[in-house]
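Visitor: The following block contains the structure, expressed as structure tokens.
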Amino acid sequence: MRATLVSLDRTHYQVGDEPTFEVTVENVSSASLRIPFSPHLADLQPENPAQKFTHSELQLVLWIAAGTEWRANTGGGVTLYGAEDHPNTMLTLNPGEWVRIIGKGKFVLPAEGVSAELIPSGHPIDHVYAQVSLYRVETLLTPTTAATLSREVCLRHAQGETVPLALAS
């Protein structure tokens, strides 16, 4: 899969702002790929809350970066869910096909003090890019416990273009 950040709603932000973004997720492999396409995990839960259920999860995350030396996955992102036994929650991408996803993130910096140590001096946060991951998840939710087992399905990721950004604190 390749995630390419197509656009942001603007180019100048403050820490804490919630950008609206558009990303294309493309199947760059030679085989078809099923991806989840529903924003609501609750729609996939069984009627009996004590019953374990399996679903797919697509995580689309914005990464902020400064020059070529520093980056952090602190731009927020979108998670989509789906299951083969729930109609209209999965989408097939054949080789070369893509889908555009519009979402809302939130720009934050790493923990206090960490960002100053990690961001190289003289390199302001100047671009952002998207990264996508696909997981197969087994979940058990009860009133007193929750357990999740997650396995990454698509291990080959390609990064698309970056978008210029000015992020002030």
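Order determines the names: the first chain of the structure tokens is A, the second B, and so forth; residues in each chain are numbered 1 upward, and ligands are numbered 1 upward as they are shown.
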Env of Thr139 of chain A: 8 Å cut, atoms = only C-alpha atoms, seq-sep filter 6 positions within chain, self excluded. Answer as a VMD selection string.
Guide: chain A and resid 52 to 54 146 to 149
Visitor: What lies within 12 Å of Gln45 of chain A using only C-alpha atoms, ignoring chain neighbours under 2 positions off, as a ChimeraX atom specification?
Guide: /A:40-43,47-55,81-83,85-86,138-142
Visitor: For Val128 of chain A, which of A:Val25, A:Leu109, A:Ile102, A:Leu5 is the closest residue, counting only C-alpha atoms?
Guide: A:Leu5
Visitor: Would you please give, as a list in words, all residues of chain A that DSSP assigns to helix (DSSP H, G or I) based on the backbone?
Guide: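 Residues of chain A classed as helix (DSSP H, G or I): Leu41, Ala42, Asp43, Leu44, Val114, Ser115, Ala116, Glu117 and Leu118 of chain A.
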Visitor: Write the residues you've just listed into a file as a PDB file, in the first residue's frame, and include N, CA and C atoms for each of them.
Guide:
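See out25.pdb below for the written result:
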```
ATOM      1  N   LEU A  41     -16.492   1.297  14.653  1.00  0.00           N
ATOM      2  CA  LEU A  41     -16.201  -0.034  15.178  1.00  0.00           C
ATOM      3  C   LEU A  41     -17.432  -0.644  15.843  1.00  0.00           C
ATOM      4  N   ALA A  42     -18.256   0.176  16.475  1.00  0.00           N
ATOM      5  CA  ALA A  42     -19.433  -0.336  17.185  1.00  0.00           C
ATOM      6  C   ALA A  42     -20.375  -1.112  16.263  1.00  0.00           C
ATOM      7  N   ASP A  43     -20.400  -0.754  14.969  1.00  0.00           N
ATOM      8  CA  ASP A  43     -21.267  -1.471  14.028  1.00  0.00           C
ATOM      9  C   ASP A  43     -20.845  -2.914  13.823  1.00  0.00           C
ATOM     10  N   LEU A  44     -19.625  -3.257  14.183  1.00  0.00           N
ATOM     11  CA  LEU A  44     -19.104  -4.608  13.964  1.00  0.00           C
ATOM     12  C   LEU A  44     -19.204  -5.490  15.200  1.00  0.00           C
ATOM     13  N   VAL A 114      10.804  16.853  25.190  1.00  0.00           N
ATOM     14  CA  VAL A 114      11.331  15.901  24.209  1.00  0.00           C
ATOM     15  C   VAL A 114      11.488  16.563  22.857  1.00  0.00           C
ATOM     16  N   SER A 115      10.499  17.369  22.455  1.00  0.00           N
ATOM     17  CA  SER A 115      10.547  17.970  21.123  1.00  0.00           C
ATOM     18  C   SER A 115      11.757  18.874  20.969  1.00  0.00           C
ATOM     19  N   ALA A 116      12.108  19.636  22.006  1.00  0.00           N
ATOM     20  CA  ALA A 116      13.255  20.535  21.911  1.00  0.00           C
ATOM     21  C   ALA A 116      14.553  19.747  21.734  1.00  0.00           C
ATOM     22  N   GLU A 117      14.632  18.578  22.346  1.00  0.00           N
ATOM     23  CA  GLU A 117      15.834  17.748  22.212  1.00  0.00           C
ATOM     24  C   GLU A 117      15.897  17.049  20.869  1.00  0.00           C
ATOM     25  N   LEU A 118      14.753  16.673  20.319  1.00  0.00           N
ATOM     26  CA  LEU A 118      14.744  15.880  19.096  1.00  0.00           C
ATOM     27  C   LEU A 118      14.766  16.707  17.819  1.00  0.00           C
TER      28      LEU A 118
END
```
Visitor: Quick one: residues within 9 Å of Leu93 of chain A, only C-alpha atoms counted, chain neighbours fewer than 6 positions away excluded, as a PyMOL selection string?
Guide: chain A and resi 26-27+31-35+99
Visitor: Store the residues picked out above, limited to N, CA and C atoms, as a short mmCIF file (atom, residue, chain, number, x, y, z; two decimals), in the first residue's frame.
Guide:
```
data_model
loop_
_atom_site.label_atom_id
_atom_site.label_comp_id
_atom_site.auth_asym_id
_atom_site.auth_seq_id
_atom_site.Cartn_x
_atom_site.Cartn_y
_atom_site.Cartn_z
N GLU A 26 -3.30 3.62 -2.12
CA GLU A 26 -3.20 2.89 -3.39
C GLU A 26 -2.66 1.49 -3.16
N ASN A 27 -3.23 0.54 -3.89
CA ASN A 27 -2.72 -0.82 -3.88
C ASN A 27 -1.57 -0.89 -4.89
N ALA A 31 -1.51 -8.10 -6.32
CA ALA A 31 -2.70 -8.88 -5.92
C ALA A 31 -3.76 -7.93 -5.37
N SER A 32 -5.01 -8.36 -5.43
CA SER A 32 -6.11 -7.57 -4.86
C SER A 32 -5.93 -7.46 -3.35
N LEU A 33 -6.45 -6.39 -2.80
CA LEU A 33 -6.32 -6.12 -1.38
C LEU A 33 -7.67 -5.65 -0.84
N ARG A 34 -8.13 -6.26 0.25
CA ARG A 34 -9.39 -5.86 0.89
C ARG A 34 -9.05 -4.92 2.04
N ILE A 35 -9.68 -3.75 2.04
CA ILE A 35 -9.44 -2.80 3.11
C ILE A 35 -10.77 -2.42 3.77
N VAL A 99 -8.10 4.74 -3.40
CA VAL A 99 -9.28 5.36 -2.81
C VAL A 99 -8.81 6.63 -2.11
#
```
Visitor: With DSSP run on the backbone, what are the strand (DSSP E or B) residues within chain A? I'd like them as a ChimeraX atom specification.
Guide: /A:2-8,12-14,20-26,33-36,38,53-66,70-72,77-82,90-93,98-104,127-141,146-152,158-159,163-164,166-168
Visitor: Could you jot down the atom CA of Gly77 of chain A to atom CA of Thr145 of chain A separation for me, Å, one decimal place?
Guide: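 Straight-line distance from atom CA of Gly77 of chain A to atom CA of Thr145 of chain A works out to 26.4 Å.
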Visitor: If we count only C-alpha atoms, what is near Glu57 of chain A at a cut-off of 10 Å, once residues fewer than 5 positions away on the same chain are taken out, given as a PyMOL selection string?
Guide: chain A and resi 35-39+41+79-83+133-137+150-153
Visitor: Might you pull out every residue within 8 Å of Ala65 of chain A, with only C-alpha atoms counted and same-chain residues fewer than 5 positions away left off, and present them as a PyMOL selection string?
Guide: chain A and resi 70-72+125-128
Visitor: Given the choices A:Val108, A:Leu58, A:Ala130, A:Ile101, which gets closest to Glu22 of chain A if the distance is worked out from only C-alpha atoms?
Guide: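 Nearest to Glu22 of chain A: A:Ile101.
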Visitor: Taking into account only C-alpha atoms, which residue in the set A:Pro95, A:Gly160, A:Pro87, A:Pro19 is nearest to Gly75 of chain A?
Guide: A:Pro19
